[in-house]
$ cat final13.txt   # compact mmCIF, C-alpha atoms
# COMPACT_ATOMS: atom_id res chain seq x y z
CA MET A 1 -7.98 -44.35 -3.94
CA THR A 2 -7.25 -40.73 -4.94
CA ASN A 3 -4.43 -40.18 -7.41
CA CYS A 4 -1.71 -37.65 -6.46
CA LEU A 5 -2.44 -35.66 -9.64
CA GLU A 6 -6.08 -35.25 -8.60
CA VAL A 7 -5.38 -33.44 -5.34
CA ASP A 8 -5.06 -29.68 -5.39
CA LEU A 9 -2.73 -29.12 -2.46
CA LYS A 10 -2.36 -25.41 -3.17
CA ALA A 11 -6.12 -24.82 -3.06
CA PHE A 12 -6.13 -26.82 0.19
CA LEU A 13 -3.35 -24.63 1.62
CA LEU A 14 -4.98 -21.38 0.50
CA GLY A 15 -8.40 -22.21 1.93
CA GLU A 16 -10.06 -22.52 -1.49
CA ALA A 17 -11.01 -26.20 -1.23
CA ASP A 18 -14.61 -26.97 -0.27
CA ASP A 19 -15.49 -29.35 2.57
CA GLY A 20 -15.68 -32.45 0.37
CA GLU A 21 -12.39 -31.69 -1.29
CA ARG A 22 -10.72 -30.99 2.04
CA GLU A 23 -11.85 -34.34 3.35
CA ARG A 24 -10.63 -36.12 0.21
CA ILE A 25 -7.23 -34.37 0.34
CA SER A 26 -6.81 -35.07 4.07
CA GLY A 27 -7.50 -38.77 3.39
CA HIS A 28 -4.96 -38.81 0.58
CA LEU A 29 -2.31 -37.06 2.68
CA ALA A 30 -2.69 -39.67 5.38
CA SER A 31 -1.65 -42.39 2.93
CA CYS A 32 0.82 -40.62 0.60
CA ALA A 33 4.22 -39.65 1.98
CA GLU A 34 5.20 -37.79 -1.20
CA CYS A 35 2.16 -35.49 -1.06
CA ARG A 36 2.69 -35.01 2.68
CA GLU A 37 6.20 -33.80 1.95
CA GLU A 38 4.94 -31.49 -0.80
CA MET A 39 2.26 -30.15 1.54
CA GLU A 40 4.93 -29.48 4.17
CA ARG A 41 7.03 -27.51 1.66
CA LEU A 42 3.99 -25.44 0.73
CA ARG A 43 3.17 -24.84 4.36
CA LEU A 44 6.73 -23.68 5.06
CA THR A 45 6.60 -21.36 2.05
CA HIS A 46 3.32 -19.86 3.23
CA MET A 47 4.76 -19.45 6.72
CA ALA A 48 7.88 -17.72 5.35
CA LEU A 49 5.73 -15.31 3.31
CA GLY A 50 4.00 -14.36 6.53
CA ALA A 51 7.31 -12.92 7.79
CA LEU A 52 6.80 -9.85 5.65
CA ARG A 53 4.94 -7.39 7.86
CA ASP A 54 2.71 -4.54 6.77
CA GLU A 55 4.21 -1.07 6.98
CA GLU A 56 2.50 2.04 8.25
CA PRO A 57 2.07 4.60 5.47
CA PRO A 58 4.74 7.31 5.96
CA ARG A 59 1.96 9.85 6.16
CA ARG A 60 -1.79 9.68 6.08
CA ILE A 61 -3.84 9.86 2.93
CA ALA A 62 -4.48 13.57 2.71
CA PHE A 63 -7.75 13.48 0.83
CA VAL A 64 -10.97 14.11 2.76
CA SER A 65 -9.69 11.90 5.59
CA ASP A 66 -7.73 14.74 7.11
CA LYS A 67 -9.58 17.51 8.89
CA ILE A 68 -6.94 20.11 8.14
CA PHE A 69 -7.83 19.76 4.48
CA GLU A 70 -11.51 20.32 5.01
CA PRO A 71 -12.56 23.61 3.47
CA LYS A 72 -13.52 26.47 5.75
CA TRP A 73 -16.87 28.16 5.31
CA TRP A 74 -15.39 30.86 3.09
CA GLN A 75 -13.52 28.23 1.06
CA ARG A 76 -16.78 26.41 0.46
CA TRP A 77 -18.26 29.68 -0.72
CA LEU A 78 -15.25 30.63 -2.81
CA THR A 79 -14.01 27.22 -4.01
CA PRO A 80 -16.54 24.40 -4.19
CA GLY A 81 -14.15 21.99 -5.93
CA PRO A 82 -11.01 19.91 -5.41
CA VAL A 83 -8.87 22.24 -7.50
CA ALA A 84 -8.80 24.90 -4.83
CA GLY A 85 -5.61 26.46 -6.13
CA PHE A 86 -6.96 27.30 -9.57
CA ALA A 87 -10.33 28.30 -8.23
CA SER A 88 -8.75 30.55 -5.59
CA ALA A 89 -6.67 32.23 -8.28
CA ALA A 90 -9.78 32.70 -10.41
CA VAL A 91 -11.73 34.15 -7.50
CA LEU A 92 -8.85 36.42 -6.60
CA ALA A 93 -8.67 37.70 -10.18
CA LEU A 94 -12.44 38.21 -10.19
CA ALA A 95 -12.25 40.07 -6.90
CA ILE A 96 -9.55 42.38 -8.27
CA VAL A 97 -11.60 43.14 -11.39
CA ALA A 98 -14.73 43.66 -9.32
CA HIS A 99 -12.83 45.89 -6.94
CA GLY A 100 -11.46 47.94 -9.85
CA GLU A 101 -14.92 48.29 -11.33
CA MET A 102 -16.45 49.28 -8.04
CA SER A 103 -13.63 51.70 -7.20
CA LYS A 104 -14.13 53.74 -10.41
CA PRO A 105 -14.82 57.36 -9.58
CA LYS A 106 -18.45 58.13 -10.05
CA VAL A 107 -20.07 61.48 -10.46
CA PRO A 108 -22.90 61.57 -7.99
CA PRO A 109 -26.08 63.15 -9.32
CA ALA A 110 -26.70 66.39 -7.48
CA PRO A 111 -30.26 65.77 -6.36
CA ALA A 112 -29.54 62.30 -4.88
CA VAL A 113 -26.53 62.95 -2.64
CA SER A 114 -27.73 61.03 0.38
CA ALA A 115 -28.52 57.90 -1.65
CA ALA A 116 -25.08 58.00 -3.32
CA GLU A 117 -23.37 58.35 0.03
CA ILE A 118 -25.23 55.36 1.34
CA GLU A 119 -24.24 53.36 -1.73
CA GLN A 120 -20.62 54.46 -1.37
CA ASN A 121 -20.57 53.47 2.27
CA LEU A 122 -21.98 50.08 1.39
CA GLN A 123 -19.36 49.63 -1.29
CA ASN A 124 -16.58 50.62 1.07
CA SER A 125 -17.84 48.23 3.67
CA PHE A 126 -18.06 45.44 1.08
CA ASP A 127 -14.54 46.24 -0.15
CA ARG A 128 -13.12 46.06 3.36
CA LYS A 129 -14.80 42.71 3.99
CA LEU A 130 -13.64 41.34 0.65
CA GLN A 131 -10.07 42.47 1.25
CA ALA A 132 -10.11 40.93 4.72
CA ALA A 133 -11.47 37.63 3.34
CA ILE A 134 -8.80 37.54 0.62
CA ALA A 135 -6.03 38.34 3.12
CA LYS A 136 -7.29 35.57 5.40
CA ALA A 137 -7.49 33.13 2.49
CA VAL A 138 -3.91 33.89 1.46
CA ALA A 139 -2.68 33.58 5.08
CA ASP A 140 -4.48 30.25 5.47
CA VAL A 141 -3.01 28.86 2.26
CA ARG A 142 0.49 29.92 3.38
CA GLN A 143 -0.09 28.32 6.76
CA GLN A 144 -1.24 25.12 5.07
CA ASP A 145 1.87 25.13 2.84
CA LYS A 146 4.07 25.49 5.93
CA ARG A 147 2.28 22.62 7.63
CA GLU A 148 2.64 20.38 4.58
CA THR A 149 6.34 21.19 4.27
CA ALA A 150 6.88 20.41 7.95
CA GLU A 151 5.05 17.10 7.55
CA LEU A 152 7.12 16.19 4.50
CA LEU A 153 10.35 17.00 6.33
CA GLU A 154 9.29 14.96 9.34
CA ALA A 155 8.35 11.97 7.16
CA ALA A 156 11.68 12.20 5.29
CA GLY A 157 13.55 12.32 8.61
CA LYS A 158 11.71 9.27 9.87
CA ARG A 159 12.38 7.35 6.67
CA PHE A 160 16.07 8.24 6.85
CA SER A 161 16.31 7.09 10.48
CA GLU A 162 14.49 3.86 9.68
CA GLN A 163 16.74 3.18 6.68
CA ARG A 164 19.82 3.84 8.83
CA ARG A 165 18.52 1.48 11.50
CA MET A 166 17.87 -1.22 8.90
CA ASP A 167 21.31 -0.73 7.35
CA LEU A 168 22.95 -1.04 10.75
CA ALA A 169 20.98 -4.21 11.53
CA ALA A 170 21.92 -5.73 8.15
CA PHE A 171 25.56 -4.78 8.72
CA GLU A 172 25.49 -6.38 12.15
CA VAL A 173 24.12 -9.62 10.73
CA ASN A 174 26.63 -9.68 7.88
CA TYR A 175 29.48 -8.95 10.26
CA GLU A 176 28.41 -11.77 12.56
CA ASN A 177 28.20 -14.20 9.61
CA LEU A 178 31.63 -13.12 8.39
CA TYR A 179 33.08 -13.56 11.86
CA LYS A 180 31.59 -17.03 12.16
CA ARG A 181 32.81 -18.04 8.72
CA THR A 182 36.33 -16.76 9.41
CA ALA A 183 36.43 -18.63 12.71
CA LEU A 184 35.25 -21.80 10.99
CA GLU A 185 37.85 -21.45 8.23
CA ARG A 186 40.59 -20.96 10.81
CA LYS A 187 39.41 -23.99 12.69
CA LEU A 188 39.38 -26.08 9.50
CA ALA A 189 42.85 -24.85 8.53
CA TYR A 190 44.13 -25.71 11.99
CA SER A 191 42.53 -29.16 11.83
CA SER A 192 44.07 -29.91 8.42
CA GLN A 193 47.49 -28.82 9.72
CA GLN A 194 47.10 -31.21 12.65
CA LEU A 195 46.11 -34.07 10.33
CA SER A 196 48.79 -33.55 7.65
CA PRO A 197 51.58 -35.79 9.17
CA THR A 198 49.32 -38.89 9.03
CA ASP A 199 48.14 -38.08 5.49
CA GLY A 200 51.38 -39.46 4.08
CA VAL A 201 50.72 -42.90 5.62
CA SER A 202 47.35 -43.30 4.06
CA ARG A 203 48.68 -42.26 0.65
CA MET B 204 -15.78 -9.50 10.12
CA ILE B 205 -19.53 -9.50 9.44
CA PHE B 206 -20.01 -6.41 11.60
CA ARG B 207 -17.13 -4.75 9.82
CA GLU B 208 -18.73 -5.48 6.44
CA VAL B 209 -22.05 -4.10 7.60
CA GLU B 210 -20.35 -0.98 8.87
CA ASP B 211 -18.45 -0.49 5.62
CA ARG B 212 -21.66 -0.88 3.68
CA ASP B 213 -23.34 1.69 5.91
CA LEU B 214 -20.43 4.10 5.50
CA ILE B 215 -20.52 3.71 1.72
CA VAL B 216 -24.24 4.46 1.59
CA LYS B 217 -23.73 7.55 3.77
CA ALA B 218 -20.72 8.69 1.75
CA CYS B 219 -22.79 8.36 -1.44
CA ARG B 220 -25.28 10.76 0.13
CA GLY B 221 -22.48 13.28 0.59
CA ASP B 222 -21.40 12.51 4.16
CA VAL B 223 -17.68 13.29 3.98
CA GLU B 224 -16.99 12.00 7.50
CA SER B 225 -18.17 8.52 6.49
CA TYR B 226 -15.76 8.53 3.61
CA ASN B 227 -12.99 9.76 5.93
CA LEU B 228 -13.58 6.72 8.08
CA LEU B 229 -13.48 4.39 5.06
CA VAL B 230 -10.17 5.90 3.99
CA SER B 231 -8.63 5.49 7.43
CA ARG B 232 -9.78 1.87 7.51
CA TRP B 233 -8.38 0.92 4.11
CA GLU B 234 -5.36 3.18 3.61
CA LYS B 235 -2.84 0.83 5.25
CA ARG B 236 -3.92 -2.20 3.20
CA ILE B 237 -3.99 -0.27 -0.04
CA PHE B 238 -0.64 1.35 0.71
CA ASN B 239 1.06 -1.98 1.47
CA TYR B 240 -0.44 -3.67 -1.58
CA LEU B 241 0.83 -0.83 -3.77
CA LEU B 242 4.18 -0.69 -1.99
CA ARG B 243 4.89 -4.35 -2.79
CA LEU B 244 3.64 -3.88 -6.32
CA VAL B 245 5.51 -0.71 -7.31
CA ARG B 246 8.36 -1.13 -4.78
CA ASN B 247 8.69 2.55 -3.98
CA ARG B 248 7.22 4.30 -0.92
CA GLU B 249 6.61 7.69 -2.46
CA ASP B 250 5.01 6.18 -5.57
CA ALA B 251 2.88 3.88 -3.40
CA LEU B 252 1.71 6.82 -1.33
CA ASP B 253 0.96 8.97 -4.37
CA ILE B 254 -1.00 6.17 -6.00
CA SER B 255 -2.87 5.50 -2.73
CA GLN B 256 -3.89 9.14 -2.76
CA ASP B 257 -5.14 8.84 -6.35
CA VAL B 258 -6.96 5.59 -5.57
CA PHE B 259 -8.99 7.15 -2.76
CA LEU B 260 -9.71 10.25 -4.81
CA LYS B 261 -10.93 8.13 -7.75
CA ALA B 262 -12.96 5.94 -5.43
CA TYR B 263 -14.63 9.02 -3.93
CA GLN B 264 -15.42 10.44 -7.35
CA ASN B 265 -16.90 7.14 -8.55
CA LEU B 266 -18.49 5.88 -5.37
CA LYS B 267 -21.99 6.28 -6.78
CA LYS B 268 -21.09 3.91 -9.60
CA LEU B 269 -20.48 1.10 -7.10
CA ASP B 270 -23.66 -0.98 -7.47
CA ASP B 271 -23.06 -3.39 -4.62
CA PRO B 272 -21.42 -1.92 -1.48
CA SER B 273 -20.47 -5.42 -0.29
CA ARG B 274 -18.01 -5.54 -3.18
CA PHE B 275 -16.26 -2.37 -2.02
CA SER B 276 -12.94 -4.08 -1.16
CA SER B 277 -12.48 -5.78 -4.54
CA TRP B 278 -13.70 -2.62 -6.31
CA LEU B 279 -11.16 -0.51 -4.39
CA PHE B 280 -8.33 -2.95 -5.15
CA ARG B 281 -9.38 -2.97 -8.79
CA ILE B 282 -8.87 0.81 -8.85
CA ALA B 283 -5.51 0.37 -7.08
CA HIS B 284 -4.46 -2.28 -9.61
CA ASN B 285 -5.39 -0.04 -12.54
CA GLU B 286 -3.62 2.98 -11.07
CA ALA B 287 -0.48 0.99 -10.27
CA PHE B 288 -0.24 -0.56 -13.71
CA SER B 289 -0.94 2.76 -15.34
CA MET B 290 2.04 4.15 -13.43
CA LEU B 291 4.22 1.11 -14.15
CA ARG B 292 3.42 1.34 -17.85
CA LYS B 293 4.70 4.91 -17.84
CA ALA B 294 7.86 3.83 -16.04
CA LYS B 295 10.42 1.57 -17.70
CA PRO B 296 9.13 -1.96 -18.40
CA GLU B 297 9.92 -4.56 -15.79
CA GLY B 298 11.67 -7.80 -16.74
CA GLU B 299 9.96 -11.08 -16.09
CA LEU B 300 12.62 -12.06 -13.57
CA ALA B 301 14.56 -9.51 -11.61
CA ALA B 302 18.31 -9.82 -12.02
CA GLU B 303 18.89 -9.47 -8.31
CA PRO B 304 19.41 -12.89 -6.74
CA ALA B 305 17.32 -13.84 -3.77
CA THR B 306 18.96 -14.36 -0.43
CA SER B 307 19.38 -18.06 0.03
CA ARG B 308 20.36 -19.67 3.24
CA GLU B 309 19.68 -23.25 3.94
CA SER B 310 20.53 -23.52 7.56
CA GLY B 311 21.05 -21.54 10.70
CA ARG B 312 18.95 -19.12 12.68
CA MET B 313 17.54 -16.18 10.77
CA TYR B 314 16.78 -12.78 12.19
CA PRO B 315 13.44 -11.11 11.44
CA MET B 316 15.23 -8.61 9.24
CA GLU B 317 16.87 -11.43 7.27
CA TRP B 318 13.51 -13.11 6.85
CA SER B 319 11.98 -9.93 5.50
CA LEU B 320 14.88 -9.46 3.09
CA ALA B 321 14.70 -13.09 1.98
CA VAL B 322 10.94 -12.93 1.33
CA ASP B 323 11.31 -9.59 -0.37
CA GLY B 324 14.08 -11.00 -2.56
CA ALA B 325 12.00 -14.06 -3.43
CA LEU B 326 9.00 -11.90 -4.35
CA LYS B 327 11.25 -9.78 -6.57
CA ARG B 328 12.06 -12.84 -8.64
CA LEU B 329 8.43 -13.23 -9.66
CA SER B 330 6.90 -11.52 -12.66
CA GLY B 331 4.59 -8.59 -11.94
CA ASP B 332 1.47 -10.71 -12.58
CA GLN B 333 2.68 -13.54 -10.35
CA ARG B 334 3.68 -11.18 -7.55
CA GLU B 335 0.32 -9.43 -7.65
CA ALA B 336 -1.49 -12.77 -7.44
CA VAL B 337 0.52 -13.61 -4.30
CA LEU B 338 -0.13 -10.17 -2.79
CA LEU B 339 -3.88 -10.42 -3.33
CA LYS B 340 -4.18 -13.98 -2.05
CA VAL B 341 -1.58 -14.35 0.68
CA TYR B 342 -1.45 -10.81 2.05
CA GLN B 343 -4.95 -9.52 1.30
CA GLY B 344 -6.89 -12.78 1.60
CA PHE B 345 -9.08 -12.40 -1.48
CA LYS B 346 -10.91 -15.38 -2.95
CA PHE B 347 -10.07 -16.57 -6.47
CA GLU B 348 -13.30 -15.05 -7.84
CA GLU B 349 -12.57 -11.68 -6.25
CA MET B 350 -9.02 -11.75 -7.60
CA ALA B 351 -10.38 -12.47 -11.08
CA GLU B 352 -12.62 -9.42 -10.70
CA ILE B 353 -9.76 -7.19 -9.54
CA LEU B 354 -7.37 -8.38 -12.23
CA ASP B 355 -10.06 -8.56 -14.89
CA CYS B 356 -9.11 -12.06 -16.01
CA PRO B 357 -10.55 -15.61 -15.73
CA VAL B 358 -10.23 -17.58 -12.48
CA SER B 359 -8.13 -20.14 -14.35
CA THR B 360 -5.56 -17.42 -15.16
CA VAL B 361 -5.51 -16.30 -11.52
CA LYS B 362 -4.88 -19.86 -10.37
CA SER B 363 -2.19 -20.44 -12.97
CA ARG B 364 -0.28 -17.27 -11.97
CA LEU B 365 -0.63 -17.99 -8.27
CA TYR B 366 0.33 -21.65 -8.48
CA THR B 367 3.39 -20.91 -10.65
CA ALA B 368 4.41 -18.20 -8.19
CA LEU B 369 4.02 -20.58 -5.25
CA ASP B 370 6.19 -23.18 -6.97
CA LEU B 371 8.92 -20.59 -7.57
CA LEU B 372 8.70 -19.27 -4.00
CA LYS B 373 8.70 -22.79 -2.62
CA GLY B 374 12.06 -23.49 -4.24
CA VAL B 375 13.63 -20.55 -2.41
CA LEU B 376 11.72 -20.17 0.84
CA ALA B 377 10.85 -23.74 1.90
CA PRO B 378 14.52 -24.86 2.39
CA MET B 379 15.24 -21.71 4.40
CA ALA B 380 12.17 -22.12 6.53
CA ARG B 381 13.00 -25.76 7.11
CA GLY B 382 16.57 -24.87 8.09
CA ALA B 383 15.33 -22.29 10.55
CA GLN B 384 13.01 -24.72 12.31
$ encode --input "final13.txt" --output "structure tokens"
Amino acid sequence: MTNCLEVDLKAFLLGEADDGERERISGHLASCAECREEMERLRLTHMALGALRDEEPPRRIAFVSDKIFEPKWWQRWLTPGPVAGFASAAVLALAIVAHGEMSKPKVPPAPAVSAAEIEQNLQNSFDRKLQAAIAKAVADVRQQDKRETAELLEAAGKRFSEQRRMDLAAFEVNYENLYKRTALERKLAYSSQQLSPTDGVSR
Amino acid sequence: MIFREVEDRDLIVKACRGDVESYNLLVSRWEKRIFNYLLRLVRNREDALDISQDVFLKAYQNLKKLDDPSRFSSWLFRIAHNEAFSMLRKAKPEGELAAEPATSRESGRMYPMEWSLAVDGALKRLSGDQREAVLLKVYQGFKFEEMAEILDCPVSTVKSRLYTALDLLKGVLAPMARGAQ
């Protein structure tokens, strides 16, 4: 016969006992009231733990899972890394320096006027495109900031509402308990008052 | 469950090859479990969310180091464990037993909210190690061997922490559960 100390009821409860062990423990439980009682307490504990439900994350994990955080084509070109902020700043600084360098007045050589004009036109065109890309990048970043702020505010609002709802529910429960207890105390006080004349006889 | 494992494995392989969408899908599948594990460990929503974010970033950066994709879940929880304890170490040290008493009620009907508070209170009374063992086993369903891997300790230590925790919880929760039946 299996000794009580030899049975691992917790492993049995948690699904860690193998088939042979399960069979042995089941056999022991059938003949030992003390272990049956202990098993019941463990089962109740496990059941109570199951009352705690999973919560939804207040907002989604923002890393690559969210499409709004996926880099645009120009972001890929400008910032191929997770530290987009620093990289953007670096690129912006580079663009300003490059723009300054390219905007320096140049003395066109007299015999090659047409070639210089073409080069200047190309530079101007490049400058315009660069400026437009930078302006778009800045606008997009601002838009993203706005969106994030709105999301944070919404999440905070939801959390506040949920907390308020929970507080109200807890208050309701406590109030009900208090009411019941007060009613019971009144009833007991009334009963003892009713009994008091006969108390003297028994004493 | 088998299909799910196969799919996760497939997603991991694709993500390792640079397919961001596959990783997106992995994140959306695991974010709730990781968040809840961390929430019960660090006991603060914002911290749990921040750490979840770091966990998935770290996992993405180190995905190629994962030798066996079938061990993704325990590997991911190992990262979560490390991140959480790194944060907790920076915060003020936690006492072995929280001073806050658990809700105890031996009889009468209990509302779902009361149950949640009672369980939460009982879990608070455990040490960090004991609570984490309960979270990994009872709420995440890991095997002892996987828990040992996540917590980086022998199976015997895992069992000892879990069994002690169950004994402590039993003293508080079993009478309440019995009273509610």
$ closest_residue --input "final13.txt" --among "A:Leu168, A:Asp18, A:Leu49, A:Glu6" --to "Ala325 of chain B" --atoms "all atoms listed in the file"
A:Leu49
$ interface_residues --input "final13.txt" --of "chain B" --to "chain A" --cutoff "8 Å" --atoms "only C-alpha atoms" --output "PDB file with C-alpha atoms, keeping the file's coordinate frame"
ATOM      1  CA  VAL B 223     -17.680  13.290   3.980  1.00  0.00           C
ATOM      2  CA  GLU B 224     -16.990  12.000   7.500  1.00  0.00           C
ATOM      3  CA  TYR B 226     -15.760   8.530   3.610  1.00  0.00           C
ATOM      4  CA  ASN B 227     -12.990   9.760   5.930  1.00  0.00           C
ATOM      5  CA  LEU B 228     -13.580   6.720   8.080  1.00  0.00           C
ATOM      6  CA  VAL B 230     -10.170   5.900   3.990  1.00  0.00           C
ATOM      7  CA  SER B 231      -8.630   5.490   7.430  1.00  0.00           C
ATOM      8  CA  GLU B 234      -5.360   3.180   3.610  1.00  0.00           C
ATOM      9  CA  LYS B 235      -2.840   0.830   5.250  1.00  0.00           C
ATOM     10  CA  ARG B 236      -3.920  -2.200   3.200  1.00  0.00           C
ATOM     11  CA  PHE B 238      -0.640   1.350   0.710  1.00  0.00           C
ATOM     12  CA  ASN B 239       1.060  -1.980   1.470  1.00  0.00           C
ATOM     13  CA  ARG B 248       7.220   4.300  -0.920  1.00  0.00           C
ATOM     14  CA  LEU B 252       1.710   6.820  -1.330  1.00  0.00           C
ATOM     15  CA  SER B 255      -2.870   5.500  -2.730  1.00  0.00           C
ATOM     16  CA  GLN B 256      -3.890   9.140  -2.760  1.00  0.00           C
ATOM     17  CA  PHE B 259      -8.990   7.150  -2.760  1.00  0.00           C
ATOM     18  CA  LEU B 260      -9.710  10.250  -4.810  1.00  0.00           C
ATOM     19  CA  PRO B 315      13.440 -11.110  11.440  1.00  0.00           C
ATOM     20  CA  MET B 316      15.230  -8.610   9.240  1.00  0.00           C
ATOM     21  CA  GLU B 317      16.870 -11.430   7.270  1.00  0.00           C
ATOM     22  CA  TRP B 318      13.510 -13.110   6.850  1.00  0.00           C
ATOM     23  CA  SER B 319      11.980  -9.930   5.500  1.00  0.00           C
ATOM     24  CA  VAL B 322      10.940 -12.930   1.330  1.00  0.00           C
ATOM     25  CA  ASP B 323      11.310  -9.590  -0.370  1.00  0.00           C
ATOM     26  CA  LYS B 340      -4.180 -13.980  -2.050  1.00  0.00           C
ATOM     27  CA  VAL B 341      -1.580 -14.350   0.680  1.00  0.00           C
ATOM     28  CA  TYR B 342      -1.450 -10.810   2.050  1.00  0.00           C
ATOM     29  CA  LYS B 346     -10.910 -15.380  -2.950  1.00  0.00           C
ATOM     30  CA  PHE B 347     -10.070 -16.570  -6.470  1.00  0.00           C
ATOM     31  CA  TYR B 366       0.330 -21.650  -8.480  1.00  0.00           C
ATOM     32  CA  LEU B 369       4.020 -20.580  -5.250  1.00  0.00           C
ATOM     33  CA  LEU B 372       8.700 -19.270  -4.000  1.00  0.00           C
ATOM     34  CA  LYS B 373       8.700 -22.790  -2.620  1.00  0.00           C
ATOM     35  CA  LEU B 376      11.720 -20.170   0.840  1.00  0.00           C
ATOM     36  CA  ALA B 377      10.850 -23.740   1.900  1.00  0.00           C
ATOM     37  CA  PRO B 378      14.520 -24.860   2.390  1.00  0.00           C
ATOM     38  CA  ALA B 380      12.170 -22.120   6.530  1.00  0.00           C
ATOM     39  CA  ARG B 381      13.000 -25.760   7.110  1.00  0.00           C
TER      40      ARG B 381
END
$ atom_distance --input "final13.txt" --atom1 "atom CA of Asp145 of chain A" --atom2 "atom CA of Leu130 of chain A"
22.5 Å
$ atom_distance --input "final13.txt" --atom1 "atom CA of Ala321 of chain B" --atom2 "atom CA of Met39 of chain A"
21.1 Å
$ closest_residue --input "final13.txt" --among "B:Leu242, B:Val361, B:Leu354, B:Cys219" --to "Pro272 of chain B" --atoms "all atoms listed in the file"
B:Cys219
$ residues_around --input "final13.txt" --residues "Asp250 of chain B" --least-positions-apart "4" --cutoff "9 Å" --atoms "all atoms listed in the file" --output "compact mmCIF listing (two decimals) with C-alpha atoms, in the coordinates of the input"
# COMPACT_ATOMS: atom_id res chain seq x y z
CA LEU B 241 0.83 -0.83 -3.77
CA LEU B 242 4.18 -0.69 -1.99
CA VAL B 245 5.51 -0.71 -7.31
CA ARG B 246 8.36 -1.13 -4.78
CA ILE B 254 -1.00 6.17 -6.00
CA SER B 255 -2.87 5.50 -2.73
CA ALA B 287 -0.48 0.99 -10.27
CA MET B 290 2.04 4.15 -13.43
$ atom_distance --input "final13.txt" --atom1 "atom CA of Leu153 of chain A" --atom2 "atom CA of Glu249 of chain B"
13.3 Å
$ residues_around --input "final13.txt" --residues "Ile282 of chain B" --least-positions-apart "2" --cutoff "8 Å" --atoms "all atoms listed in the file" --output "list in words"
Val258, Lys261, Ala262, Trp278, Leu279, Phe280, His284, Asn285 and Glu286 of chain B
$ write_last_selection --input "final13.txt" --atoms "C-alpha atoms" --output "PDB file, keeping the file's coordinate frame"
ATOM      1  CA  VAL B 258      -6.960   5.590  -5.570  1.00  0.00           C
ATOM      2  CA  LYS B 261     -10.930   8.130  -7.750  1.00  0.00           C
ATOM      3  CA  ALA B 262     -12.960   5.940  -5.430  1.00  0.00           C
ATOM      4  CA  TRP B 278     -13.700  -2.620  -6.310  1.00  0.00           C
ATOM      5  CA  LEU B 279     -11.160  -0.510  -4.390  1.00  0.00           C
ATOM      6  CA  PHE B 280      -8.330  -2.950  -5.150  1.00  0.00           C
ATOM      7  CA  HIS B 284      -4.460  -2.280  -9.610  1.00  0.00           C
ATOM      8  CA  ASN B 285      -5.390  -0.040 -12.540  1.00  0.00           C
ATOM      9  CA  GLU B 286      -3.620   2.980 -11.070  1.00  0.00           C
TER      10      GLU B 286
END
$ decode --input "final13.txt" --residues "segment 108-144 of chain A" --atoms "C-alpha atoms" --output "PDB file, in the first residue's frame"
ATOM      1  CA  PRO A 108      30.596  80.187 -63.968  1.00  0.00           C
ATOM      2  CA  PRO A 109      33.458  79.869 -66.426  1.00  0.00           C
ATOM      3  CA  ALA A 110      32.740  82.058 -69.431  1.00  0.00           C
ATOM      4  CA  PRO A 111      33.186  79.491 -72.163  1.00  0.00           C
ATOM      5  CA  ALA A 112      30.907  76.868 -70.537  1.00  0.00           C
ATOM      6  CA  VAL A 113      27.744  78.863 -69.778  1.00  0.00           C
ATOM      7  CA  SER A 114      25.244  76.344 -71.049  1.00  0.00           C
ATOM      8  CA  ALA A 115      26.769  73.491 -69.027  1.00  0.00           C
ATOM      9  CA  ALA A 116      26.757  75.604 -65.846  1.00  0.00           C
ATOM     10  CA  GLU A 117      23.126  76.536 -66.376  1.00  0.00           C
ATOM     11  CA  ILE A 118      22.211  72.912 -66.760  1.00  0.00           C
ATOM     12  CA  GLU A 119      24.089  72.073 -63.576  1.00  0.00           C
ATOM     13  CA  GLN A 120      22.405  74.937 -61.733  1.00  0.00           C
ATOM     14  CA  ASN A 121      18.997  73.821 -62.892  1.00  0.00           C
ATOM     15  CA  LEU A 122      19.721  70.306 -61.712  1.00  0.00           C
ATOM     16  CA  GLN A 123      20.856  71.613 -58.356  1.00  0.00           C
ATOM     17  CA  ASN A 124      17.758  73.753 -57.992  1.00  0.00           C
ATOM     18  CA  SER A 125      15.558  70.840 -58.869  1.00  0.00           C
ATOM     19  CA  PHE A 126      17.392  68.631 -56.359  1.00  0.00           C
ATOM     20  CA  ASP A 127      17.086  71.338 -53.684  1.00  0.00           C
ATOM     21  CA  ARG A 128      13.354  71.654 -54.222  1.00  0.00           C
ATOM     22  CA  LYS A 129      12.881  67.900 -53.970  1.00  0.00           C
ATOM     23  CA  LEU A 130      15.043  67.688 -50.870  1.00  0.00           C
ATOM     24  CA  GLN A 131      13.178  70.535 -49.185  1.00  0.00           C
ATOM     25  CA  ALA A 132       9.852  68.927 -50.044  1.00  0.00           C
ATOM     26  CA  ALA A 133      11.014  65.558 -48.641  1.00  0.00           C
ATOM     27  CA  ILE A 134      12.226  67.193 -45.415  1.00  0.00           C
ATOM     28  CA  ALA A 135       8.975  69.154 -45.027  1.00  0.00           C
ATOM     29  CA  LYS A 136       6.984  65.961 -45.553  1.00  0.00           C
ATOM     30  CA  ALA A 137       9.156  64.079 -43.062  1.00  0.00           C
ATOM     31  CA  VAL A 138       8.648  66.768 -40.423  1.00  0.00           C
ATOM     32  CA  ALA A 139       4.874  66.863 -41.081  1.00  0.00           C
ATOM     33  CA  ASP A 140       4.662  63.075 -40.814  1.00  0.00           C
ATOM     34  CA  VAL A 141       6.578  63.013 -37.538  1.00  0.00           C
ATOM     35  CA  ARG A 142       4.272  65.718 -36.118  1.00  0.00           C
ATOM     36  CA  GLN A 143       1.246  63.766 -37.278  1.00  0.00           C
ATOM     37  CA  GLN A 144       2.614  60.619 -35.636  1.00  0.00           C
TER      38      GLN A 144
END
